[in-house]
Amino acid sequence: MLRTKSISGDLLKLQKEIQGYADEYGLDYFPQIFEMCDYDTINILAAQGGFPIRYPHWKFGMDYDQLSKGYRYGIQKIYEMVINTDPCYAYLLEVNNWLDQKLVMAHVYGHNDFFKNNMWFANTNRNMMDVMANHGSKIRRYMERYGTEKVELFIDKVLSIENLIDINNLFETSDVLQSRKDKLKKFNQEKATGGYMVDDRSQALKSFMRTKDKQDQAEFDGPEPLKSSVGAEKVSYKGQRDILKFLIEHAPMEDWELDVLACLREEAYYFLPQRMTKIMNEGWASYWHSKILNYKALDSSEFIDFASKHAGVMAMSKKNINPYKIGIELFRDIEFRWNTGRFGKEYNECTNMHAKENWDTKAGLGRQKIFEIRKTHNDISFINEFLTPEFCNRQQLFTYKYNPRTSRMEIDKRDFEDIKHKLLTQLTNFGSPIIQIEDANYKNRKELLLKHIHAGVDLDMQFAGETIKNIYHMWKRPVNLTTSYEDKEVVFTFDGKELKTSS
């Protein structure tokens, strides 16, 4: 059972103090609510993505077990958790000492400002607490009706393809946005009258439901749109990357399966901006907790302890980048460059190294620039536009590889373009292969043909095979996936019986 309570007394006074500093620095945030909880509760929340009531699934239990063991054996500790909602909820750990609570509150206000103002979060549903609870209730009822194992196995298949969505769908037309507002209004009205869970189908599914009635669907023996011309289908679906949406609209699944798929797709899009801005979001929050504590909130006796805690959070290994470290240092670097005028045509074309090292036009535009960046960029554009050779040298950003002779990770390359390329490759589609629909009526047999788009990430053959098997379960017809390997086209096909490879 989750046990949380509202903060009060000295902690409430501390929140007002930190909020005042955030206001002084010009942060713009949703109303902030802090809840206090024990470590077991925060582990449960972390395992469920920060939401107290989600659909039941073994994955959440596995994640909880790993988090609990990490804390028990001193491997990791969660200090806080903040949720992108309006009002913004954040959970504090009750065993945190006073300095920890100061740091966490300042960090949370940074996240809150980022959630509210970054354009990639603009169309996310800020009412996700209720939506997640509604999804959980519906999926529990499906489990009661069709069996827990059957529903959970289907969720397994959906989770294996939940990354097959399109980031461009985060930006919707005015018509789509108005439709969403109308649906949200109806959802809130139904909720207020106690009837928002009466219909077995979720709001997410209703937006995709076909106009055909039950009898038509019972007689339907293939994806409905494929009854039109093949050429038209190629034009309609070729290049589409939101494969979950395509399956919801066209795959011959049962209503409850469509509903579950629509619910999980909605949740995947909710979390997508957070995945796209991990470096920026954590860097922005770290920048402000550092600024607020160092210049406003710390007592003289707390500086050393804070420096130690901050250094621990910023530590970076040779194997993985630390988003907190890269993010905060890049924001600081940008602020310094725009304060001193180290940007633009004149600076970039200067060949006098002494002049460049001492360049300072007193432009004073640094704070304005970082606020502008936090509004418009994601991690890829942030790294692509603002990473510099000088920054990489100062931060000792190199590419590393394992040397079996010395049994150590050693510097592989120091070249700036190589470093930048590797970072961008890791960030593009979160390091996962990009898959899109190539043909929805492949070989004129209503088979599905998917294509792997090379963007620096190769297919893992084992995962690729399992993925198309899971898509077959929904599509009900053979699924093909094409990729290029050593300048040859390779096609994986699953026909419901065996996985075949051809070239």
# chains A, B, ... in the order shown; residues from 1 in each chain; ligands from 1
>>> residues_around(residues="Pro56 of chain A", least_positions_apart="3", cutoff="12 Å", atoms="only C-alpha atoms", output="ChimeraX atom specification")
/A:47-48,52-53,59-62,132-133,135-144,148-149,151-153,155-156
>>> residues_around(residues="Pro478 of chain A", least_positions_apart="2", cutoff="6 Å", atoms="only C-alpha atoms", output="ChimeraX atom specification")
/A:447,494-495
>>> write_last_selection(atoms="N, CA and C atoms", output="JSON list (two decimals), in the first residue's frame")
[["chain", "number", "residue", "atom", "x", "y", "z"],
["A", 447, "GLU", "N", 0.25, -8.81, -46.69],
["A", 447, "GLU", "CA", 1.36, -8.94, -45.74],
["A", 447, "GLU", "C", 1.88, -7.55, -45.42],
["A", 494, "PHE", "N", 8.14, -13.58, -40.84],
["A", 494, "PHE", "CA", 7.50, -14.53, -39.92],
["A", 494, "PHE", "C", 6.09, -14.76, -40.42],
["A", 495, "ASP", "N", 5.77, -16.02, -40.70],
["A", 495, "ASP", "CA", 4.48, -16.38, -41.26],
["A", 495, "ASP", "C", 3.55, -17.04, -40.25]]
>>> residues_around(residues="Ala297 of chain A", least_positions_apart="4", cutoff="10 Å", atoms="only C-alpha atoms", output="number ranges by chain")
A: 14, 17-18, 21, 99, 102-103, 106, 289-293, 302
>>> write_last_selection(atoms="C-alpha atoms", output="mmCIF file, in the first residue's frame")
data_model
loop_
_atom_site.group_PDB
_atom_site.id
_atom_site.type_symbol
_atom_site.label_atom_id
_atom_site.label_comp_id
_atom_site.auth_asym_id
_atom_site.auth_seq_id
_atom_site.Cartn_x
_atom_site.Cartn_y
_atom_site.Cartn_z
ATOM 1 C CA LEU A 14 11.540 25.585 3.117
ATOM 2 C CA GLU A 17 11.851 29.837 0.559
ATOM 3 C CA ILE A 18 13.097 27.813 -2.417
ATOM 4 C CA TYR A 21 14.480 31.990 -5.072
ATOM 5 C CA LEU A 99 20.445 19.653 2.947
ATOM 6 C CA LYS A 102 16.933 21.783 -0.040
ATOM 7 C CA LEU A 103 18.772 20.311 -3.006
ATOM 8 C CA ALA A 106 15.524 23.369 -5.961
ATOM 9 C CA HIS A 289 19.721 23.557 -7.873
ATOM 10 C CA SER A 290 23.396 24.531 -8.039
ATOM 11 C CA LYS A 291 22.576 28.200 -8.610
ATOM 12 C CA ILE A 292 19.904 28.435 -5.921
ATOM 13 C CA LEU A 293 21.892 26.606 -3.264
ATOM 14 C CA GLU A 302 26.526 23.284 4.398
#
>>> select_by_dssp(residues="segment 3-159 of chain A", states="strand (DSSP E or B)", output="JSON, numbers by chain")
{"A": [4, 5, 6, 32, 33, 34, 35, 36, 37, 80, 81, 82, 88, 89, 90, 91, 92, 93]}
>>> residues_around(residues="Lys325 of chain A", least_positions_apart="5", cutoff="9 Å", atoms="only C-alpha atoms", output="PyMOL selection string")
chain A and resi 279+282-283+286+313-316+330
>>> write_last_selection(atoms="N, CA and C atoms", output="compact mmCIF listing (two decimals), in the first residue's frame")
# COMPACT_ATOMS: atom_id res chain seq x y z
N ILE A 279 19.14 14.80 -21.27
CA ILE A 279 20.33 15.59 -20.97
C ILE A 279 19.95 17.02 -20.63
N GLU A 282 17.71 17.16 -17.15
CA GLU A 282 18.52 16.96 -15.94
C GLU A 282 19.57 18.07 -15.81
N GLY A 283 20.13 18.51 -16.94
CA GLY A 283 21.10 19.59 -16.89
C GLY A 283 20.49 20.88 -16.39
N SER A 286 19.73 20.58 -12.67
CA SER A 286 20.99 20.62 -11.93
C SER A 286 21.58 22.03 -11.91
N VAL A 313 26.84 13.32 -7.79
CA VAL A 313 25.82 13.26 -8.84
C VAL A 313 26.44 13.50 -10.21
N MET A 314 27.49 14.33 -10.26
CA MET A 314 28.09 14.72 -11.54
C MET A 314 29.18 13.76 -12.03
N ALA A 315 29.53 12.76 -11.25
CA ALA A 315 30.60 11.84 -11.65
C ALA A 315 30.22 11.13 -12.95
N MET A 316 31.20 10.93 -13.83
CA MET A 316 30.94 10.31 -15.13
C MET A 316 31.97 9.23 -15.41
N LEU A 330 27.12 22.05 -20.23
CA LEU A 330 26.85 22.67 -21.52
C LEU A 330 26.02 23.94 -21.36
>>> residues_around(residues="segment 420-435 of chain A", least_positions_apart="4", cutoff="8 Å", atoms="only C-alpha atoms", output="ChimeraX atom specification")
/A:164,241,275-276,379-380,383-384,387,399,416,450-459
>>> atom_distance(atom1="atom CA of Gly312 of chain A", atom2="atom CA of Asp28 of chain A")
28.1 Å
>>> closest_residue(among="A:Arg394, A:Arg265, A:His473, A:Lys369", to="Asn169 of chain A", atoms="only C-alpha atoms")
A:Arg265
>>> atom_distance(atom1="atom CA of Ala251 of chain A", atom2="atom CA of Lys443 of chain A")
17.8 Å
>>> atom_distance(atom1="atom CA of Tyr89 of chain A", atom2="atom CA of Asp40 of chain A")
18.0 Å
>>> residues_around(residues="segment 4-9 of chain A", least_positions_apart="2", cutoff="12 Å", atoms="only C-alpha atoms", output="ChimeraX atom specification")
/A:1-2,11-16,32-42,44-45,52,89-94,101,105
